[in-house]
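Chemist: Below is a structure I'd like to ask you about.
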Amino acid sequence: SRGDMLQLALMASENRAASAIGSHYPGGKFGFVKAMNVKAQQLGLMNTHFVDPTGLDSANVSTAEDLAKLVQAAFQYPEIRLATTSPSHEVYVEGRVNPVNFNNTNGLVRTGEWQIGLSKTGYISEAGRCLVMQATIAGEPMIVVLLDSNGKQTRIGDANRVRKWMEHNMDIH
């Protein structure tokens with residue numbers, strides 16, 4: 001279903017699902033990407049430009065500032081918050097008896113140790129491993145944008161270091 005495809009695209013970074021959503025949009029992928037760019041402009045994302053719905057094309061560009069604005073805007077949608085913070089999701093696939101399980105690409109969501117309101121990971125070689133989140137840290141809602149982490153687990157380690165730093169420094173003041 002379209003709902004399953006949205007869930008998988010946002011939660012599990014399932015690029016085939018994102019592509020399917022774009023393909024079935026009125027006007028196809030071209031119309032979908034055009035709508036993405038219109039929405040980016042409406043949100044004031046002046047340094048963001050999309051060329052495909054999956055995020056796999058290196059011509060898709062943005063900045064940390066624009067991504068923070070995007071997280072803030074996306075947080076207003078309960079469906080997006082729920083999809084991006086679900087630890088896993090099962091989908092029944094035609095021709096299979098048992099459902100296929102997909103896991104959230106953000107290990108912090110799966111452990112449940114954080115209070116995360118929205119989360120999205122991403123990776124292409126040009127951008128590195130990225131993570132954006134809205135999370136409550138030391139009792140305060142915050143947006144975290146981590147770009148170009150070195151290793152597969154580095155963005156999780158970086159997020160934990162940011163959290164510890166914030167909790168320590170907020171206690172001081």
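In the structure tokens, the first chain shown is A, the next is B, and so on; residue numbers restart at 1 for each chain, and ligands run from 1 in the order shown.
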For stretch 67-80 of chain A, list every protein, DNA or RNA residue within 12 Å, evaluated using only C-alpha atoms, and leave out those in the same chain fewer than 6 positions away; present the list as a ChimeraX atom specification.
Modeler: /A:3-4,6-11,36,39-49,61,86,116-122,130-135,141-147
Chemist: For A:Arg129, list every protein, DNA or RNA residue within 8 Å, evaluated using only C-alpha atoms, and leave out those in the same chain fewer than 2 positions away; present the list as a count of residues only.
Modeler: 14
Chemist: Which residues, written as a list in words, have at least one atom at most 6 Å from stretch 90-107 of chain A, with only C-alpha atoms counted and residues fewer than 2 positions away on the same chain left out?
Modeler: Met11, Ala12, Pro87, Ser88, Val109 and Arg110 of chain A
Chemist: Any chance you can output those residues with all heavy atoms as a CSV table (one decimal), in the first residue's frame?
Modeler:
```csv
chain,number,residue,atom,x,y,z
A,11,MET,N,11.3,5.0,7.3
A,11,MET,CA,11.8,4.3,8.5
A,11,MET,C,13.1,3.5,8.1
A,11,MET,O,14.1,3.5,8.8
A,11,MET,CB,10.7,3.4,9.0
A,11,MET,CG,11.2,2.5,10.2
A,11,MET,SD,10.1,1.1,10.4
A,11,MET,CE,10.7,0.0,9.1
A,12,ALA,N,13.0,2.8,7.0
A,12,ALA,CA,14.0,1.8,6.7
A,12,ALA,C,14.9,2.3,5.5
A,12,ALA,O,15.7,1.6,5.0
A,12,ALA,CB,13.4,0.5,6.3
A,87,PRO,N,10.3,1.3,15.4
A,87,PRO,CA,11.5,0.4,15.4
A,87,PRO,C,11.6,-0.5,14.2
A,87,PRO,O,12.6,-0.8,13.6
A,87,PRO,CB,11.5,-0.3,16.7
A,87,PRO,CG,10.6,0.4,17.6
A,87,PRO,CD,9.6,1.1,16.7
A,88,SER,N,10.4,-1.0,13.8
A,88,SER,CA,10.3,-2.0,12.7
A,88,SER,C,8.9,-2.0,12.1
A,88,SER,O,8.0,-1.4,12.7
A,88,SER,CB,10.7,-3.4,13.1
A,88,SER,OG,9.8,-3.9,14.1
A,109,VAL,N,16.7,4.7,17.5
A,109,VAL,CA,15.2,4.4,17.6
A,109,VAL,C,15.0,3.0,18.1
A,109,VAL,O,14.1,2.8,19.0
A,109,VAL,CB,14.5,4.7,16.2
A,109,VAL,CG1,13.1,4.2,16.2
A,109,VAL,CG2,14.6,6.1,15.9
A,110,ARG,N,15.7,2.1,17.6
A,110,ARG,CA,15.5,0.7,17.9
A,110,ARG,C,15.8,0.4,19.4
A,110,ARG,O,15.2,-0.5,20.0
A,110,ARG,CB,16.3,-0.2,17.0
A,110,ARG,CG,15.9,-0.2,15.6
A,110,ARG,CD,16.5,-1.3,14.7
A,110,ARG,NE,17.9,-1.4,14.9
A,110,ARG,CZ,18.8,-0.8,14.1
A,110,ARG,NH1,18.5,0.0,13.1
A,110,ARG,NH2,20.1,-1.0,14.3
```
Chemist: So, with only C-alpha atoms as the atoms that count, which of A:Phe50, A:Ala83, A:Lys29, A:Thr154 lies closest to A:Met5?
Modeler: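 Ranked by minimum distance to A:Met5, first place goes to A:Ala83.
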Chemist: Stretch 3-116 of chain A: which residues are strand (DSSP E) by DSSP, as a PyMOL selection string?
Modeler: chain A and resi 88-91+100-103+115-116
Chemist: Go ahead and save the residues from that selection, with C-alpha atoms, as a PDB file, in the first residue's frame.
Modeler:
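Contents of again-v7.pdb, freshly written:
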```pdb
ATOM      1  CA  SER A  88      10.305  -1.968  12.685  1.00  0.00           C
ATOM      2  CA  HIS A  89       7.444  -2.659  10.298  1.00  0.00           C
ATOM      3  CA  GLU A  90       6.126  -5.842   8.697  1.00  0.00           C
ATOM      4  CA  VAL A  91       4.787  -5.856   5.156  1.00  0.00           C
ATOM      5  CA  VAL A 100       8.803  -9.294   5.445  1.00  0.00           C
ATOM      6  CA  ASN A 101      10.217  -7.340   8.396  1.00  0.00           C
ATOM      7  CA  PHE A 102      12.007  -4.013   7.894  1.00  0.00           C
ATOM      8  CA  ASN A 103      13.986  -2.270  10.650  1.00  0.00           C
ATOM      9  CA  GLN A 115      13.113  10.306  23.308  1.00  0.00           C
ATOM     10  CA  ILE A 116      13.040  10.757  19.523  1.00  0.00           C
TER      11      ILE A 116
END
```
Chemist: As a ChimeraX atom specification, please: all residues of chain A that backbone DSSP puts in helix (DSSP H, G or I).
Modeler: /A:2-11,15-23,28-42,64-74,78-85,107-111,154-172
Chemist: Just how far from atom CA of A:Glu140 is atom CA of A:Val162, in Å to one decimal?
Modeler: 13.5 Å
Chemist: Choose the residue, out of A:Ala35, A:Met166, A:Ile137, A:Ala18, that has the smallest atom-to-atom separation from A:Pro53; count only C-alpha atoms.
Modeler: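 Selected residue with least distance to A:Pro53: A:Ala18.
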